[in-house]
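Novice: This one is protein.txt, compact mmCIF, C-alpha atoms.
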# COMPACT_ATOMS: atom_id res chain seq x y z
CA MET A 1 17.37 73.02 -24.66
CA LYS A 2 15.46 73.41 -21.39
CA ILE A 3 14.06 76.76 -20.30
CA LEU A 4 12.35 77.48 -16.97
CA HIS A 5 9.41 79.92 -16.76
CA SER A 6 8.58 81.63 -13.47
CA SER A 7 7.01 84.93 -12.45
CA ASP A 8 5.67 87.11 -9.64
CA TRP A 9 8.40 86.58 -7.10
CA HIS A 10 7.54 89.83 -5.30
CA LEU A 11 10.88 90.02 -3.52
CA GLY A 12 10.59 92.29 -0.50
CA GLN A 13 6.92 91.54 0.15
CA HIS A 14 5.54 91.90 3.67
CA PHE A 15 2.52 89.68 4.33
CA MET A 16 0.31 91.02 7.10
CA GLY A 17 3.41 92.39 8.81
CA LYS A 18 5.50 89.27 8.15
CA SER A 19 8.65 89.30 6.02
CA ARG A 20 8.90 86.70 3.24
CA LYS A 21 12.71 86.90 3.16
CA GLU A 22 13.30 83.36 4.46
CA GLU A 23 10.70 81.88 2.10
CA HIS A 24 12.19 83.63 -0.92
CA ALA A 25 15.69 82.50 0.07
CA ALA A 26 14.47 78.90 0.42
CA PHE A 27 12.71 79.09 -2.95
CA ILE A 28 15.78 80.43 -4.73
CA ASN A 29 17.94 77.66 -3.22
CA TRP A 30 15.37 75.10 -4.38
CA LEU A 31 15.32 76.70 -7.84
CA LEU A 32 19.10 76.58 -8.17
CA ALA A 33 19.00 72.87 -7.35
CA VAL A 34 16.33 72.31 -10.02
CA ILE A 35 18.41 74.21 -12.57
CA GLU A 36 21.35 71.92 -11.88
CA GLU A 37 19.33 68.69 -11.76
CA GLU A 38 17.30 69.41 -14.90
CA GLY A 39 20.09 71.00 -16.91
CA ILE A 40 18.20 74.29 -17.33
CA GLU A 41 20.01 76.70 -19.66
CA ALA A 42 17.73 79.75 -19.38
CA LEU A 43 15.37 81.22 -16.80
CA ILE A 44 12.53 83.60 -17.77
CA ILE A 45 10.95 85.70 -15.01
CA ALA A 46 7.74 87.14 -16.47
CA GLY A 47 7.34 90.24 -14.34
CA ASP A 48 7.07 91.41 -10.72
CA ILE A 49 10.51 90.33 -9.62
CA PHE A 50 10.01 92.90 -6.85
CA ASP A 51 6.95 93.73 -4.79
CA THR A 52 7.41 97.49 -4.91
CA GLY A 53 9.26 100.05 -6.99
CA ALA A 54 11.55 100.75 -4.01
CA PRO A 55 12.30 97.29 -2.58
CA PRO A 56 14.28 96.85 0.65
CA SER A 57 18.03 96.38 0.36
CA TYR A 58 17.89 92.65 1.13
CA ALA A 59 15.55 92.12 -1.85
CA ARG A 60 18.00 93.89 -4.17
CA GLU A 61 20.81 91.77 -2.75
CA MET A 62 18.81 88.61 -3.51
CA TYR A 63 18.23 89.82 -7.07
CA HIS A 64 21.91 90.55 -7.71
CA GLN A 65 23.01 87.31 -6.04
CA LEU A 66 20.58 85.46 -8.31
CA VAL A 67 22.34 86.97 -11.32
CA LEU A 68 25.69 85.72 -10.03
CA ASP A 69 24.26 82.28 -9.24
CA MET A 70 22.84 82.01 -12.76
CA LYS A 71 26.16 83.02 -14.28
CA ALA A 72 28.01 80.43 -12.17
CA ARG A 73 25.65 77.75 -13.51
CA HIS A 74 25.94 78.96 -17.12
CA CYS A 75 22.22 79.67 -17.09
CA GLN A 76 20.95 82.72 -18.97
CA LEU A 77 18.52 84.96 -17.11
CA PHE A 78 15.77 87.00 -18.77
CA VAL A 79 13.85 89.47 -16.61
CA VAL A 80 10.82 91.34 -17.98
CA ALA A 81 9.19 94.05 -15.90
CA GLY A 82 5.78 93.72 -14.28
CA ASN A 83 3.39 96.35 -12.97
CA HIS A 84 5.03 96.23 -9.52
CA ASP A 85 8.53 96.79 -10.91
CA SER A 86 10.14 100.19 -11.29
CA VAL A 87 11.48 100.89 -14.78
CA SER A 88 14.16 103.23 -13.47
CA MET A 89 15.27 100.81 -10.76
CA LEU A 90 15.62 97.91 -13.18
CA ASN A 91 17.51 100.15 -15.60
CA GLU A 92 20.06 101.07 -12.92
CA SER A 93 21.92 97.78 -13.32
CA LYS A 94 20.61 96.69 -16.73
CA SER A 95 23.81 97.40 -18.70
CA LEU A 96 26.07 95.84 -16.09
CA LEU A 97 23.92 92.70 -15.80
CA GLY A 98 24.13 92.28 -19.57
CA TYR A 99 27.79 91.29 -19.12
CA LEU A 100 26.64 88.53 -16.77
CA ASP A 101 24.22 86.88 -19.26
CA THR A 102 21.19 88.61 -17.76
CA GLN A 103 18.90 90.50 -20.12
CA VAL A 104 16.45 92.97 -18.56
CA THR A 105 13.45 94.34 -20.49
CA SER A 106 12.03 97.14 -18.39
CA GLN A 107 9.73 99.01 -20.78
CA ALA A 108 8.09 98.70 -24.19
CA ASN A 109 9.91 100.57 -26.95
CA ARG A 110 7.94 101.09 -30.18
CA ASP A 111 10.87 102.87 -31.82
CA HIS A 112 13.22 99.91 -31.39
CA LEU A 113 11.05 96.82 -31.61
CA GLU A 114 14.05 94.65 -32.46
CA ASP A 115 15.29 95.21 -28.89
CA HIS A 116 12.40 93.03 -27.73
CA VAL A 117 13.59 90.00 -29.73
CA LEU A 118 16.33 88.27 -27.78
CA PRO A 119 18.27 85.12 -28.74
CA ILE A 120 18.40 82.27 -26.24
CA THR A 121 21.56 80.38 -27.07
CA GLY A 122 22.55 76.81 -26.38
CA LYS A 123 25.84 75.53 -25.06
CA ASP A 124 27.16 75.42 -28.63
CA GLY A 125 26.57 79.16 -28.98
CA LYS A 126 23.84 78.70 -31.56
CA VAL A 127 20.34 80.18 -31.23
CA ALA A 128 18.06 77.61 -29.58
CA ALA A 129 14.99 79.86 -29.27
CA TRP A 130 13.86 83.43 -29.78
CA LEU A 131 12.34 85.33 -26.89
CA CYS A 132 9.83 88.09 -27.66
CA ALA A 133 10.38 89.92 -24.37
CA VAL A 134 7.27 92.04 -23.82
CA PRO A 135 7.00 93.61 -20.34
CA TYR A 136 3.96 95.13 -18.65
CA LEU A 137 2.47 97.44 -21.26
CA ARG A 138 1.48 100.87 -20.03
CA PRO A 139 -1.01 102.71 -22.27
CA LYS A 140 1.49 105.51 -22.91
CA ASP A 141 3.94 102.92 -24.27
CA VAL A 142 1.67 101.68 -27.04
CA LEU A 143 -1.24 104.09 -27.54
CA ASP A 144 -1.48 107.51 -29.16
CA SER A 145 -4.34 109.54 -27.70
CA VAL A 146 -7.09 110.65 -30.08
CA ALA A 147 -9.49 113.41 -29.05
CA GLY A 148 -13.20 112.75 -29.03
CA GLN A 149 -13.09 108.97 -28.64
CA SER A 150 -15.78 107.22 -26.62
CA GLU A 151 -14.83 104.82 -23.82
CA GLN A 152 -15.57 101.85 -26.05
CA GLN A 153 -13.48 103.29 -28.89
CA LYS A 154 -10.58 103.80 -26.48
CA LYS A 155 -10.82 100.16 -25.39
CA GLN A 156 -10.88 98.91 -28.95
CA ALA A 157 -7.97 101.16 -29.95
CA LEU A 158 -5.88 100.05 -27.00
CA GLN A 159 -6.55 96.37 -27.62
CA GLN A 160 -5.63 96.85 -31.29
CA GLN A 161 -2.39 98.66 -30.39
CA ILE A 162 -1.40 95.90 -27.97
CA SER A 163 -2.15 93.31 -30.62
CA ASP A 164 -0.14 95.27 -33.19
CA PHE A 165 2.80 95.55 -30.80
CA TYR A 166 2.86 91.80 -30.24
CA GLN A 167 2.41 91.03 -33.95
CA GLN A 168 5.23 93.38 -34.97
CA VAL A 169 7.65 91.92 -32.44
CA TYR A 170 6.64 88.40 -33.49
CA ARG A 171 7.25 89.20 -37.18
CA ILE A 172 10.77 90.35 -36.37
CA ALA A 173 11.37 87.03 -34.57
CA GLU A 174 10.02 85.18 -37.62
CA GLN A 175 12.37 87.12 -39.90
CA LYS A 176 15.33 86.25 -37.70
CA ASN A 177 14.16 82.65 -37.61
CA ALA A 178 14.08 82.48 -41.40
CA GLN A 179 17.78 83.31 -41.48
CA LEU A 180 18.69 80.21 -39.46
CA ASP A 181 19.53 76.86 -41.02
CA GLN A 182 16.88 75.29 -38.80
CA PRO A 183 13.95 77.35 -37.40
CA VAL A 184 13.67 77.32 -33.61
CA ALA A 185 10.87 77.92 -31.11
CA ILE A 186 9.54 81.45 -30.64
CA ILE A 187 8.60 82.23 -27.04
CA GLY A 188 6.63 85.29 -25.95
CA THR A 189 6.16 86.96 -22.60
CA GLY A 190 3.42 89.10 -21.12
CA HIS A 191 2.49 90.62 -17.79
CA LEU A 192 -1.24 91.24 -17.89
CA THR A 193 -4.68 89.76 -17.28
CA ALA A 194 -5.78 87.51 -20.12
CA VAL A 195 -9.30 86.18 -20.61
CA GLY A 196 -9.44 82.79 -18.93
CA GLY A 197 -7.11 83.64 -16.06
CA GLN A 198 -8.46 83.11 -12.54
CA LEU A 199 -7.38 85.75 -10.03
CA SER A 200 -6.52 85.48 -6.35
CA GLU A 201 -6.85 87.89 -3.44
CA SER A 202 -3.25 89.11 -3.67
CA VAL A 203 -3.45 90.08 -7.35
CA ARG A 204 -3.84 93.81 -7.75
CA ASP A 205 -6.59 94.78 -10.20
CA LEU A 206 -4.63 95.45 -13.37
CA TYR A 207 -6.12 97.62 -16.06
CA VAL A 208 -4.17 98.21 -19.25
CA GLY A 209 -5.79 101.56 -19.82
CA SER A 210 -9.47 100.72 -19.57
CA LEU A 211 -9.04 97.06 -20.56
CA GLU A 212 -9.75 94.52 -17.85
CA ALA A 213 -8.58 91.43 -19.74
CA LEU A 214 -7.20 90.62 -23.16
CA PRO A 215 -8.64 87.82 -25.33
CA THR A 216 -6.10 85.22 -26.43
CA HIS A 217 -6.55 86.04 -30.14
CA VAL A 218 -4.57 89.24 -29.45
CA PHE A 219 -1.39 87.17 -29.17
CA PRO A 220 0.58 85.76 -32.12
CA LYS A 221 1.05 82.01 -32.60
CA PHE A 222 3.88 81.68 -30.13
CA ASP A 223 5.23 78.21 -29.51
CA TYR A 224 4.91 79.20 -25.85
CA LEU A 225 3.64 82.33 -24.10
CA ALA A 226 5.18 82.89 -20.64
CA LEU A 227 2.68 84.97 -18.69
CA GLY A 228 2.92 86.75 -15.36
CA HIS A 229 0.66 88.80 -13.07
CA ILE A 230 -1.89 86.15 -12.04
CA HIS A 231 -0.59 84.17 -9.06
CA ARG A 232 -2.42 80.92 -9.74
CA ALA A 233 -0.63 78.59 -12.15
CA GLN A 234 -2.90 77.90 -15.12
CA ALA A 235 -3.17 77.65 -18.87
CA ILE A 236 -5.45 80.08 -20.70
CA ASN A 237 -5.80 78.33 -24.06
CA LYS A 238 -6.91 74.88 -25.14
CA GLN A 239 -3.46 73.75 -26.25
CA GLY A 240 -1.89 74.61 -22.89
CA ASN A 241 1.04 76.58 -24.33
CA PHE A 242 -0.19 80.01 -23.20
CA ARG A 243 0.39 79.75 -19.49
CA TYR A 244 0.69 81.60 -16.19
CA SER A 245 3.44 80.04 -14.08
CA GLY A 246 1.94 81.59 -10.95
CA SER A 247 3.85 82.96 -7.97
CA PRO A 248 6.40 80.64 -6.32
CA ILE A 249 5.04 81.22 -2.80
CA PRO A 250 1.45 81.89 -1.65
CA LEU A 251 0.97 85.65 -1.56
CA SER A 252 -2.50 85.41 -0.01
CA PHE A 253 -4.42 82.80 1.96
CA ASP A 254 -6.78 82.05 -0.91
CA GLU A 255 -3.84 80.72 -2.96
CA LEU A 256 -3.35 77.80 -0.57
CA ALA A 257 -5.80 75.52 -2.35
CA ARG A 258 -3.58 75.17 -5.43
CA GLU A 259 -0.02 73.92 -5.74
CA LYS A 260 2.72 76.38 -6.63
CA SER A 261 4.84 75.44 -9.61
CA VAL A 262 7.30 76.44 -12.29
CA VAL A 263 7.18 75.45 -15.96
CA ILE A 264 10.05 73.70 -17.74
CA LEU A 265 10.07 73.95 -21.54
CA ASP A 266 11.89 71.70 -23.99
CA THR A 267 12.44 73.97 -27.00
CA GLU A 268 13.13 71.17 -29.44
CA ARG A 269 9.82 69.46 -28.69
CA LEU A 270 7.96 72.78 -28.67
CA SER A 271 9.09 73.69 -32.18
CA SER A 272 8.73 70.19 -33.64
CA GLU A 273 5.34 69.27 -32.13
CA ARG A 274 3.61 72.63 -32.18
CA PRO A 275 -0.17 72.15 -32.72
CA SER A 276 -1.69 73.74 -35.79
CA THR A 277 -4.63 76.11 -35.50
CA GLU A 278 -6.77 73.62 -37.39
CA GLN A 279 -5.94 70.81 -34.99
CA ALA A 280 -8.97 69.79 -32.97
CA ALA A 281 -8.86 70.37 -29.25
CA PRO A 282 -8.29 67.19 -27.24
CA VAL A 283 -11.41 65.41 -26.11
CA ILE A 284 -12.04 66.03 -22.42
CA GLN A 285 -12.68 62.68 -20.79
CA ASP A 286 -13.05 63.98 -17.24
CA LEU A 287 -13.85 67.66 -16.82
CA PHE A 288 -12.75 67.77 -13.20
CA ALA A 289 -9.75 65.46 -13.36
CA GLN A 290 -6.94 66.56 -11.10
CA GLN A 291 -4.59 66.76 -14.09
CA ASP A 292 -6.62 68.64 -16.69
CA ILE A 293 -5.61 67.11 -20.05
CA ARG A 294 -6.38 70.38 -21.79
CA GLN A 295 -3.50 71.93 -19.89
CA GLU A 296 -1.07 69.10 -20.59
CA ALA A 297 -1.92 68.67 -24.28
CA LEU A 298 1.26 70.21 -25.68
CA ALA A 299 4.46 68.22 -25.75
CA GLY A 300 7.55 69.86 -24.35
CA ILE A 301 5.92 71.33 -21.23
CA GLN A 302 6.64 70.00 -17.74
CA ILE A 303 4.99 71.37 -14.60
CA LYS A 304 7.23 71.06 -11.53
CA SER A 305 5.66 71.56 -8.10
CA ILE A 306 7.33 73.88 -5.60
CA PRO A 307 7.53 72.82 -1.93
CA ARG A 308 5.76 74.97 0.68
CA PHE A 309 8.41 76.86 2.64
CA GLN A 310 6.09 78.41 5.24
CA ALA A 311 3.25 76.59 6.97
CA MET A 312 0.00 78.46 6.28
CA MET A 313 -3.67 77.57 6.74
CA SER A 314 -7.08 79.15 6.36
CA LEU A 315 -10.05 77.84 8.34
CA LYS A 316 -13.72 78.79 8.09
CA GLY A 317 -16.71 77.72 10.20
CA ARG A 318 -18.67 78.17 13.42
CA LEU A 319 -16.58 79.28 16.38
CA ASP A 320 -16.92 76.09 18.41
CA ASP A 321 -15.97 73.98 15.39
CA LEU A 322 -13.00 76.23 14.68
CA LEU A 323 -11.72 75.94 18.25
CA SER A 324 -11.82 72.16 17.98
CA GLN A 325 -10.10 72.16 14.58
CA ILE A 326 -7.32 74.47 15.78
CA ALA A 327 -6.66 72.36 18.89
CA GLU A 328 -6.21 69.27 16.68
CA LEU A 329 -3.99 70.89 14.03
CA PRO A 330 -0.77 68.96 13.35
CA THR A 331 2.36 70.68 14.63
CA PRO A 332 4.55 72.10 11.85
CA GLU A 333 7.85 70.25 11.41
CA SER A 334 9.64 73.55 11.91
CA GLY A 335 8.71 77.15 12.43
CA ILE A 336 5.33 78.73 13.10
CA LEU A 337 2.00 78.10 11.37
CA TRP A 338 0.41 81.26 9.97
CA LEU A 339 -3.34 81.01 10.43
CA GLU A 340 -6.32 82.86 8.99
CA VAL A 341 -9.75 82.26 10.52
CA THR A 342 -13.20 83.17 9.21
CA VAL A 343 -15.87 82.88 11.89
CA ILE A 344 -19.38 82.28 10.55
CA ALA A 345 -22.01 83.56 12.96
CA ASP A 346 -25.32 85.36 12.62
CA ASP A 347 -25.16 86.77 16.16
CA TYR A 348 -22.44 89.05 17.47
CA ILE A 349 -19.84 87.23 19.57
CA SER A 350 -17.87 89.59 21.79
CA ASP A 351 -15.01 87.30 22.81
CA VAL A 352 -13.99 85.76 19.45
CA GLN A 353 -10.41 87.05 19.54
CA LYS A 354 -9.98 86.08 23.21
CA ARG A 355 -11.18 82.51 22.72
CA LEU A 356 -9.05 82.02 19.62
CA SER A 357 -5.99 83.42 21.40
CA GLU A 358 -6.54 81.05 24.32
CA VAL A 359 -6.66 77.94 22.15
CA ILE A 360 -3.39 78.78 20.33
CA GLU A 361 -1.55 80.04 23.42
CA ASP A 362 0.73 77.00 23.79
CA LEU A 363 0.76 76.03 20.11
CA PRO A 364 3.29 77.02 17.40
CA ILE A 365 0.56 79.05 15.68
CA GLU A 366 0.37 82.74 14.87
CA LEU A 367 -3.07 84.13 14.14
CA LEU A 368 -2.59 86.66 11.34
CA ARG A 369 -6.18 87.48 10.48
CA VAL A 370 -9.65 86.95 11.94
CA MET A 371 -12.72 87.70 9.80
CA ARG A 372 -16.40 87.44 10.66
CA LYS A 373 -19.20 86.64 8.25
CA SER A 374 -22.87 85.92 8.59
CA THR A 375 -24.32 82.79 7.03
CA ILE A 376 -25.66 84.82 4.13
CA GLU A 377 -22.34 86.61 3.59
CA ALA A 378 -20.56 83.27 3.47
CA LYS A 379 -22.76 82.25 0.54
CA THR A 380 -22.26 85.36 -1.53
CA SER A 381 -19.30 87.28 -2.86
CA ASP A 382 -18.20 90.19 -0.71
CA HIS A 383 -18.21 92.65 -3.59
CA VAL A 384 -21.65 91.87 -5.05
CA LYS A 385 -23.42 94.45 -2.87
CA ARG A 386 -24.98 97.47 -4.58
CA GLU A 387 -23.97 96.30 -8.06
CA THR A 388 -26.42 96.38 -10.92
CA LEU A 389 -26.35 94.10 -13.95
CA ALA A 390 -25.45 97.05 -16.16
CA GLU A 391 -22.23 97.54 -14.18
CA LEU A 392 -21.04 93.97 -14.74
CA THR A 393 -19.42 92.27 -17.71
CA VAL A 394 -20.56 88.84 -18.87
CA ALA A 395 -17.52 87.32 -17.14
CA ASP A 396 -18.40 89.19 -13.93
CA VAL A 397 -21.90 87.71 -13.91
CA PHE A 398 -20.51 84.20 -14.35
CA GLU A 399 -17.94 84.77 -11.60
CA ARG A 400 -20.62 86.01 -9.19
CA ALA A 401 -22.81 82.98 -9.98
CA ILE A 402 -19.96 80.56 -9.27
CA ALA A 403 -19.06 82.37 -6.04
CA THR A 404 -22.52 81.82 -4.56
CA GLN A 405 -22.28 78.04 -4.95
CA LEU A 406 -20.57 76.82 -1.78
CA ASP A 407 -20.84 73.19 -2.85
CA ILE A 408 -18.53 73.76 -5.82
CA SER A 409 -14.90 73.02 -4.99
CA GLU A 410 -11.96 75.25 -5.93
CA ASP A 411 -10.89 72.84 -8.71
CA ASP A 412 -14.41 72.63 -10.13
CA SER A 413 -14.76 76.40 -10.00
CA GLN A 414 -11.53 76.91 -11.91
CA ALA A 415 -12.42 74.30 -14.54
CA LEU A 416 -15.86 75.81 -15.12
CA THR A 417 -14.45 79.34 -15.25
CA GLN A 418 -11.81 78.33 -17.78
CA LEU A 419 -14.37 76.58 -20.00
CA PHE A 420 -16.68 79.61 -19.85
CA ASN A 421 -13.86 82.01 -20.73
CA GLU A 422 -12.71 79.81 -23.60
CA CYS A 423 -16.25 79.92 -25.02
CA LEU A 424 -16.35 83.68 -24.50
CA ASP A 425 -12.96 84.12 -26.15
CA ASP A 426 -13.96 81.94 -29.13
CA MET A 427 -17.09 84.04 -29.56
CA LYS A 428 -15.07 87.28 -29.48
CA THR A 429 -12.62 85.83 -32.01
CA GLN A 430 -15.43 84.94 -34.39
CA GLN A 431 -16.97 88.39 -34.01
CA ALA A 432 -13.63 90.03 -34.72
CA GLN A 433 -13.18 88.15 -38.01
CA PRO A 434 -14.46 89.92 -41.14
CA SER A 435 -17.66 88.42 -42.49
Could I get this structure in the form of structure tokens?
Specialist:
Amino acid sequence: MKILHSSDWHLGQHFMGKSRKEEHAAFINWLLAVIEEEGIEALIIAGDIFDTGAPPSYAREMYHQLVLDMKARHCQLFVVAGNHDSVSMLNESKSLLGYLDTQVTSQANRDHLEDHVLPITGKDGKVAAWLCAVPYLRPKDVLDSVAGQSEQQKKQALQQQISDFYQQVYRIAEQKNAQLDQPVAIIGTGHLTAVGGQLSESVRDLYVGSLEALPTHVFPKFDYLALGHIHRAQAINKQGNFRYSGSPIPLSFDELAREKSVVILDTERLSSERPSTEQAAPVIQDLFAQQDIRQEALAGIQIKSIPRFQAMMSLKGRLDDLLSQIAELPTPESGILWLEVTVIADDYISDVQKRLSEVIEDLPIELLRVMRKSTIEAKTSDHVKRETLAELTVADVFERAIATQLDISEDDSQALTQLFNECLDDMKTQQAQPS
């Protein structure tokens, strides 16, 4: 059975005053074609189906039309809520959508954990996989307040409660699996920041209580963990089966450097070729290879690239160089190019906007944002100012160090960050184990 993992659609988003309606419509049409071509039988959306808790009417129409389109293609739809989604809004149509093979998980429920374990059935009606549908976890959903706790104790308690929630849901899935003639894959979901995930400008800082990021040892041994919240597609563990699908369209200019994609899972290969915890991590032959073998190590996972539906570009440099680059930009095949420009100059230039406007006057280009930075600012992270070492985590310090190295490419930066976070996570795992 093939299952498609996506997340962070943010239907209804406005990007610097621009509607994404046409892009989202084009993406959904592309997705429906993929579902037909690949024979997809289930779609998992791991949070943030909407951009706000009160999305515009056209976004709701897209959502409900998607449900009908899935039903027409005999494709099950599983929607788990993200931090942008409104619990009450998703619940409005939850019962009705259940009759159309769409299961919505809007909120964690500790009193009915079995409600989080959903069967994904094949064409023969038999269970082909179990889905541990865990939405965005709010502290009130999983944590009981205890008076007199220090900040560190609160963090530890919250992390433990999140871990317990996942483990309890996973055990229910295991119990259901044991009742089948043939065990099937167990898939989890999550909408959160996990250690190892690399953020982008459009990702809202997400704190589960006071936790900034969860180490991967918090999660059970899912055959696959479908994550949402971070908009850059990436794996967060060595085996490559704990993965962010990323957003289907760029939600900020700094997401342009990486391809957008969805993940297609083959449940039979996932359950039959699942790596054991004792299995050694694959040897990395080329740390900065375009296809990182650490992320493609697990059989049964296919990454499918999404076309770009809106021409977008971000340019940075001296003003004269920028003017030349813009004049030589290729004309988009259709539509308008959305452009962001960062002008690097140590002296104040009074006519930046005027000169940029003149060069794009007769071109199919719309200038959405102009930023100015000095040479020094261009070499350092914008948010480093006035921070002391005591205010930063170990991961923060590493991130700041990488950000100051302009000669490191985006791919290299991501590879180094992932390796560092894997080492950090392994260290935390060892510290958490009883001696």
Novice: Hey, what's within 9 Å of segment 23-33 of chain A if we count only C-alpha atoms and toss same-chain stuff fewer than 2 positions away? As a list of chain:residue names, please?
Specialist: A:Trp9, A:His10, A:Leu11, A:Gly12, A:Ser19, A:Arg20, A:Lys21, A:Ile35, A:Glu36, A:Glu37, A:Glu38, A:Met62, A:Leu66, A:Asp69, A:Met70, A:Arg73, A:Pro248, A:Ile249, A:Ile306, A:Pro307, A:Arg308, A:Phe309, A:Gln310
Novice: Store the residues of this selection in a file with C-alpha atoms, as a short mmCIF file (atom, residue, chain, number, x, y, z; two decimals), keeping the file's coordinate frame.
Specialist:
data_model
loop_
_atom_site.label_atom_id
_atom_site.label_comp_id
_atom_site.auth_asym_id
_atom_site.auth_seq_id
_atom_site.Cartn_x
_atom_site.Cartn_y
_atom_site.Cartn_z
CA TRP A 9 8.40 86.58 -7.10
CA HIS A 10 7.54 89.83 -5.30
CA LEU A 11 10.88 90.02 -3.52
CA GLY A 12 10.59 92.29 -0.50
CA SER A 19 8.65 89.30 6.02
CA ARG A 20 8.90 86.70 3.24
CA LYS A 21 12.71 86.90 3.16
CA ILE A 35 18.41 74.21 -12.57
CA GLU A 36 21.35 71.92 -11.88
CA GLU A 37 19.33 68.69 -11.76
CA GLU A 38 17.30 69.41 -14.90
CA MET A 62 18.81 88.61 -3.51
CA LEU A 66 20.58 85.46 -8.31
CA ASP A 69 24.26 82.28 -9.24
CA MET A 70 22.84 82.01 -12.76
CA ARG A 73 25.65 77.75 -13.51
CA PRO A 248 6.40 80.64 -6.32
CA ILE A 249 5.04 81.22 -2.80
CA ILE A 306 7.33 73.88 -5.60
CA PRO A 307 7.53 72.82 -1.93
CA ARG A 308 5.76 74.97 0.68
CA PHE A 309 8.41 76.86 2.64
CA GLN A 310 6.09 78.41 5.24
#
Novice: Give me the residues within 7 Å of segment 330-346 of chain A as a list in words, counting all atoms listed in the file and dropping any in the same chain fewer than 4 places off.
Specialist: Ala311, Met312, Met313, Ser314, Leu315, Lys316, Gly317, Arg318, Leu319, Pro364, Ile365, Glu366, Leu367, Leu368, Arg369, Val370, Met371, Arg372, Lys373, Ser374 and Thr375 of chain A
Novice: Nearest to Gln182 of chain A among A:Glu268, A:Asp144, A:Val104, A:Gly240, with distances taken over all atoms listed in the file: which residue is it?
Specialist: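 Between A:Glu268, A:Asp144, A:Val104, A:Gly240, the residue approaching Gln182 of chain A most closely is A:Glu268.
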Novice: So, counting all atoms listed in the file, which residue among A:Gly228, A:Lys354, A:Glu41, A:Phe253 is closest to Gly125 of chain A?
Specialist: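 So, comparing all the options, the nearest one is A:Glu41.
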Novice: In Å to one decimal, how far is atom CA of Lys140 of chain A from atom CA of Leu192 of chain A?
Specialist: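 One can read the atom CA of Leu192 of chain A to atom CA of Lys140 of chain A distance as 15.4 Å.
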Novice: Could you list, as an mmCIF file with C-alpha atoms, keeping the file's coordinate frame, every residue within 12 Å of Asn109 of chain A, counting only C-alpha atoms and ignoring same-chain residues fewer than 2 positions away?
Specialist:
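File written: out-v9.cif
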data_model
loop_
_atom_site.group_PDB
_atom_site.id
_atom_site.type_symbol
_atom_site.label_atom_id
_atom_site.label_comp_id
_atom_site.auth_asym_id
_atom_site.auth_seq_id
_atom_site.Cartn_x
_atom_site.Cartn_y
_atom_site.Cartn_z
ATOM 1 C CA THR A 105 13.450 94.340 -20.490
ATOM 2 C CA SER A 106 12.030 97.140 -18.390
ATOM 3 C CA GLN A 107 9.730 99.010 -20.780
ATOM 4 C CA ASP A 111 10.870 102.870 -31.820
ATOM 5 C CA HIS A 112 13.220 99.910 -31.390
ATOM 6 C CA LEU A 113 11.050 96.820 -31.610
ATOM 7 C CA GLU A 114 14.050 94.650 -32.460
ATOM 8 C CA ASP A 115 15.290 95.210 -28.890
ATOM 9 C CA HIS A 116 12.400 93.030 -27.730
ATOM 10 C CA VAL A 117 13.590 90.000 -29.730
ATOM 11 C CA ALA A 133 10.380 89.920 -24.370
ATOM 12 C CA VAL A 134 7.270 92.040 -23.820
ATOM 13 C CA PRO A 135 7.000 93.610 -20.340
ATOM 14 C CA TYR A 136 3.960 95.130 -18.650
ATOM 15 C CA LEU A 137 2.470 97.440 -21.260
ATOM 16 C CA ARG A 138 1.480 100.870 -20.030
ATOM 17 C CA LYS A 140 1.490 105.510 -22.910
ATOM 18 C CA ASP A 141 3.940 102.920 -24.270
ATOM 19 C CA VAL A 142 1.670 101.680 -27.040
ATOM 20 C CA LEU A 143 -1.240 104.090 -27.540
ATOM 21 C CA PHE A 165 2.800 95.550 -30.800
ATOM 22 C CA TYR A 166 2.860 91.800 -30.240
ATOM 23 C CA GLN A 168 5.230 93.380 -34.970
ATOM 24 C CA VAL A 169 7.650 91.920 -32.440
#
Novice: For each of A:Ile120, A:Ala178, A:Val263, A:Leu43, take the minimum atom-to-atom distance to Lys304 of chain A, counting only C-alpha atoms, then give the residue where this is smallest.
Specialist: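 Closest residue, counting only C-alpha atoms: A:Val263.
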Novice: Tell me, in Å to one decimal, how far atom CA of Gln159 of chain A is from atom CA of Leu424 of chain A.
Specialist: 16.3 Å
Novice: Using all atoms listed in the file, which of A:Glu174, A:Glu151, A:Asp412, A:Asp8 sits nearest Phe222 of chain A?
Specialist: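 Among the listed residues, A:Glu174 lies closest to Phe222 of chain A.
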Novice: Using all atoms listed in the file, which of the listed residues (A:Thr102, A:Arg232, A:Ala81, A:Ala128) sits closest to Gln65 of chain A?
Specialist: A:Thr102
Novice: For Thr121 of chain A, find every residue with an atom within 12 Å (counting all atoms listed in the file), except residues of its own chain fewer than 4 positions away, and show them as a ChimeraX atom specification.
Specialist: /A:1-3,40-42,74-77,101,125-131,184-185,267
